[in-house]
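Undergrad: Contents are compact mmCIF, C-alpha atoms; file name work.txt:
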```
# COMPACT_ATOMS: atom_id res chain seq x y z
CA PHE X 1 -25.03 13.11 4.78
CA LEU X 2 -22.79 12.19 7.70
CA LEU X 3 -22.44 8.47 8.36
CA ASP X 4 -20.35 7.68 11.42
CA GLU X 5 -19.28 3.98 11.39
CA PRO X 6 -22.74 2.81 10.22
CA LEU X 7 -21.62 -0.79 9.54
CA SER X 8 -19.40 -1.38 12.55
CA ASN X 9 -21.80 -3.73 14.35
CA LEU X 10 -22.65 -5.93 11.36
CA ASP X 11 -21.18 -9.31 10.47
CA ALA X 12 -18.88 -9.60 7.43
CA LYS X 13 -21.55 -10.77 4.95
CA LEU X 14 -24.05 -8.08 5.91
CA ARG X 15 -21.31 -5.41 5.89
CA SER X 16 -20.49 -6.33 2.30
CA GLN X 17 -24.13 -6.13 1.24
CA MET X 18 -24.66 -2.82 3.02
CA ARG X 19 -21.52 -1.29 1.44
CA THR X 20 -23.11 -2.00 -1.93
CA GLU X 21 -26.48 -0.52 -0.89
CA ILE X 22 -24.93 2.65 0.54
CA THR X 23 -22.81 3.10 -2.60
CA LYS X 24 -25.89 2.71 -4.81
CA LEU X 25 -27.75 5.23 -2.63
CA HIS X 26 -24.84 7.67 -2.90
CA ASN X 27 -24.81 7.32 -6.69
CA ARG X 28 -28.60 7.72 -6.94
CA LEU X 29 -28.76 10.83 -4.71
CA ALA X 30 -25.64 12.41 -6.28
CA THR X 31 -24.84 14.35 -3.12
CA THR X 32 -21.98 14.52 -0.65
CA PHE X 33 -21.57 11.72 1.89
CA ILE X 34 -19.03 11.99 4.68
CA TYR X 35 -18.42 8.44 5.77
CA VAL X 36 -16.35 7.80 8.91
CA THR X 37 -14.73 4.38 9.19
CA HIS X 38 -11.68 2.59 10.52
CA ASP X 39 -12.20 -0.14 7.92
CA GLN X 40 -9.92 0.46 4.97
CA VAL X 41 -11.95 -1.90 2.75
CA GLU X 42 -15.00 0.32 3.28
CA ALA X 43 -12.97 3.45 2.59
CA MET X 44 -11.28 2.06 -0.52
CA THR X 45 -14.43 0.56 -2.06
CA MET X 46 -16.86 3.36 -1.23
CA GLY X 47 -14.82 6.53 -1.24
CA THR X 48 -14.18 8.94 -4.08
CA ARG X 49 -11.80 10.94 -1.85
CA ILE X 50 -10.33 9.59 1.37
CA VAL X 51 -8.89 11.52 4.29
CA VAL X 52 -6.38 9.38 6.19
CA MET X 53 -6.00 10.64 9.74
CA LYS X 54 -3.62 9.81 12.57
CA ASP X 55 -3.79 11.28 16.07
CA GLY X 56 -6.31 13.88 14.88
CA PHE X 57 -4.14 15.13 12.00
CA MET X 58 -4.72 14.66 8.29
CA GLN X 59 -1.93 12.63 6.75
CA GLN X 60 -3.15 12.55 3.14
CA VAL X 61 -6.29 13.42 1.16
CA ASP X 62 -6.61 11.69 -2.20
CA THR X 63 -8.44 9.19 -4.35
CA PRO X 64 -8.32 5.57 -3.17
CA GLN X 65 -5.96 4.52 -5.98
CA ASN X 66 -3.57 7.43 -5.44
CA LEU X 67 -3.42 6.69 -1.71
CA TYR X 68 -2.46 3.13 -2.59
CA ASP X 69 0.00 3.96 -5.38
CA TYR X 70 1.56 7.14 -3.99
CA PRO X 71 1.34 7.21 -0.18
CA ILE X 72 2.81 10.40 1.23
CA ASN X 73 4.38 8.78 4.29
CA LYS X 74 5.04 5.46 6.01
CA PHE X 75 1.82 5.60 8.05
CA VAL X 76 -0.38 5.90 4.94
CA ALA X 77 1.67 3.25 3.10
CA GLY X 78 1.24 0.79 5.96
CA PHE X 79 -2.40 1.60 6.59
CA ILE X 80 -3.68 1.28 3.02
CA GLY X 81 -3.51 -2.25 1.60
CA SER X 82 -4.19 -5.68 2.99
CA PRO X 83 -1.94 -7.34 3.82
CA GLN X 84 0.03 -4.23 4.58
CA MET X 85 3.18 -3.08 2.83
CA ASN X 86 6.49 -4.69 3.81
CA PHE X 87 9.05 -2.22 5.21
CA PHE X 88 12.83 -2.63 5.18
CA ASP X 89 15.63 -0.45 6.54
CA ALA X 90 17.83 0.37 3.56
CA THR X 91 20.31 2.72 1.92
CA LEU X 92 20.79 3.73 -1.71
CA ILE X 93 24.00 3.11 -3.63
CA GLY X 94 25.13 3.48 -7.25
CA ASP X 95 24.65 6.42 -9.59
CA LYS X 96 21.64 8.18 -11.12
CA ASP X 97 21.51 5.71 -14.03
CA ASN X 98 21.88 2.58 -11.88
CA VAL X 99 20.41 2.96 -8.40
CA GLN X 100 20.55 0.00 -6.07
CA VAL X 101 18.84 -0.58 -2.74
CA LYS X 102 21.05 -2.09 -0.06
CA LEU X 103 19.02 -4.19 2.39
CA GLY X 104 21.52 -5.47 4.92
CA ALA X 105 23.82 -7.79 2.96
CA ASP X 106 21.46 -7.91 -0.06
CA VAL X 107 21.63 -5.45 -2.94
CA ILE X 108 18.91 -5.16 -5.57
CA ASP X 109 18.67 -2.97 -8.65
CA LEU X 110 15.86 -0.43 -8.52
CA PRO X 111 13.84 -0.11 -11.76
CA GLN X 112 14.27 3.32 -13.38
CA GLU X 113 10.54 4.10 -13.13
CA LYS X 114 10.88 3.83 -9.34
CA VAL X 115 14.12 5.85 -9.27
CA ASN X 116 12.27 8.67 -11.05
CA LEU X 117 9.82 8.88 -8.11
CA ILE X 118 12.53 9.48 -5.48
CA TYR X 119 12.43 13.01 -4.10
CA ASN X 120 15.94 14.47 -3.54
CA LEU X 121 17.81 11.39 -4.78
CA ASP X 122 21.19 13.13 -4.25
CA GLU X 123 20.38 13.46 -0.55
CA TYR X 124 20.37 9.65 -0.18
CA LEU X 125 22.57 8.21 -2.94
CA ASN X 126 25.88 6.85 -1.56
CA THR X 127 25.47 8.73 1.73
CA ASP X 128 24.59 5.83 4.09
CA LYS X 129 21.61 7.98 5.10
CA PRO X 130 18.98 5.45 6.22
CA LEU X 131 15.62 5.22 4.51
CA THR X 132 12.60 2.95 4.62
CA PHE X 133 12.07 0.79 1.55
CA GLY X 134 8.50 -0.41 1.03
CA ILE X 135 7.27 -3.28 -1.12
CA ARG X 136 3.61 -4.20 -1.58
CA PRO X 137 2.96 -7.94 -1.06
CA GLU X 138 1.43 -8.33 -4.52
CA ASP X 139 4.66 -7.05 -6.07
CA LEU X 140 6.54 -10.08 -4.73
CA HIS X 141 6.53 -13.15 -6.97
CA ASP X 142 7.86 -16.68 -6.71
CA ASP X 143 7.18 -17.84 -10.28
CA PRO X 144 10.57 -18.41 -11.98
CA GLU X 145 9.10 -17.81 -15.47
CA TYR X 146 7.59 -14.47 -14.44
CA ILE X 147 10.84 -13.39 -12.80
CA ALA X 148 12.87 -14.38 -15.88
CA GLN X 149 10.45 -12.53 -18.21
CA THR X 150 10.37 -9.26 -16.29
CA GLY X 151 14.03 -9.12 -15.34
CA TYR X 152 13.05 -7.59 -12.02
CA PRO X 153 15.50 -7.91 -9.13
CA THR X 154 15.40 -10.94 -6.87
CA LEU X 155 15.83 -11.42 -3.15
CA SER X 156 16.27 -14.75 -1.40
CA VAL X 157 13.89 -15.37 1.48
CA LYS X 158 12.97 -18.18 3.85
CA ILE X 159 9.25 -18.97 4.04
CA GLU X 160 8.21 -19.23 7.68
CA LEU X 161 4.45 -19.62 7.31
CA ALA X 162 1.92 -20.09 4.50
CA GLU X 163 -1.73 -19.13 4.92
CA MET X 164 -4.00 -20.71 2.31
CA LEU X 165 -6.99 -18.41 1.74
CA GLY X 166 -8.58 -20.07 -1.27
CA ALA X 167 -8.05 -17.64 -4.14
CA GLU X 168 -4.72 -16.49 -2.71
CA THR X 169 -1.97 -17.68 -0.42
CA GLN X 170 -0.12 -15.36 1.93
CA LEU X 171 3.50 -16.21 2.64
CA TYR X 172 5.35 -14.88 5.68
CA CYS X 173 9.08 -14.75 4.98
CA LYS X 174 12.40 -13.68 6.47
CA THR X 175 15.19 -12.14 4.43
```
Would you put the structure from the file into structure tokens?
TA:
Amino acid sequence: FLLDEPLSNLDAKLRSQMRTEITKLHNRLATTFIYVTHDQVEAMTMGTRIVVMKDGFMQQVDTPQNLYDYPINKFVAGFIGSPQMNFFDATLIGDKDNVQVKLGADVIDLPQEKVNLIYNLDEYLNTDKPLTFGIRPEDLHDDPEYIAQTGYPTLSVKIELAEMLGAETQLYCKT
């Protein structure tokens, strides 16, 4: 079945209900659905495989979770997730056992599990070669107890705006 933006003219509540109905139909029929949408929530909640496209070219084809966890480029990283990923201009310093990200005047230690994901680390380490450092909003925390427990690096920011959304609050900050 080909569904080309079938929910685009519906209000938010009806869209949510129809996503559920289409997903149940897909599961019941156990056949291929090609679902075209610009709405990442629809893609992430309904898709088993997602094709992210830009300017008519495929950027990445993967499962929703892999697109989110391992985006292949900056476009996919910024497109998947709401609110979108934060991007910083950075360089890498240190050595293979202690890699640090330099963000302007700030330097933070990079956890080893993230260092292990860097392709061609030697190409960037201590070279001043610029790179883009991305952080998902949900990976930022302001709870002192959580920060002390995890030992994750810290970065001082100035909160410019807080949006209270009920179950969550979005903070807009400057480094």
Undergrad: Pick out the closest residue to Ile159 of chain X from this set: X:Thr175, X:Gln112, X:Pro144, X:Leu92. Count only C-alpha atoms.
TA: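 Nearest candidate to Ile159 of chain X out of X:Thr175, X:Gln112, X:Pro144, X:Leu92: X:Thr175.
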Undergrad: Between X:Ser8, X:Asn73, X:Gln170, X:Gln65, which residue has the minimum interatomic distance to His38 of chain X, considering only C-alpha atoms?
TA: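 Of the candidates, the smallest distance to His38 of chain X is held by X:Ser8.
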Undergrad: For Lys102 of chain X, which residue out of X:Asn126, X:Thr63, X:Thr48, X:Thr169 is the nearest one, using all atoms listed in the file?
TA: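 So, comparing all the options, the nearest one is X:Asn126.
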Undergrad: With distances taken over all atoms listed in the file, which residue among X:Thr45, X:Thr31, X:Leu2, X:Phe75 lies nearest Met18 of chain X?
TA: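 Among X:Thr45, X:Thr31, X:Leu2, X:Phe75, it is X:Thr45 that comes nearest to Met18 of chain X.
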Undergrad: May I have the protein, DNA and RNA residues with any atom at most 12 Å from the point (-0.9, -7.5, -0.1), counting all atoms listed in the file, written as a PyMOL selection string?
TA: chain X and resi 68+77-86+134-141+168-172
Undergrad: Find the distance between atom CA of Val76 of chain X and atom CA of Met53 of chain X and write it in Å to one decimal.
TA: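 It comes out at 8.8 Å.
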Undergrad: Report, in Å to a single decimal, how far apart atom CA of Glu123 of chain X and atom CA of Lys174 of chain X are.
TA: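 It comes out at 29.1 Å.
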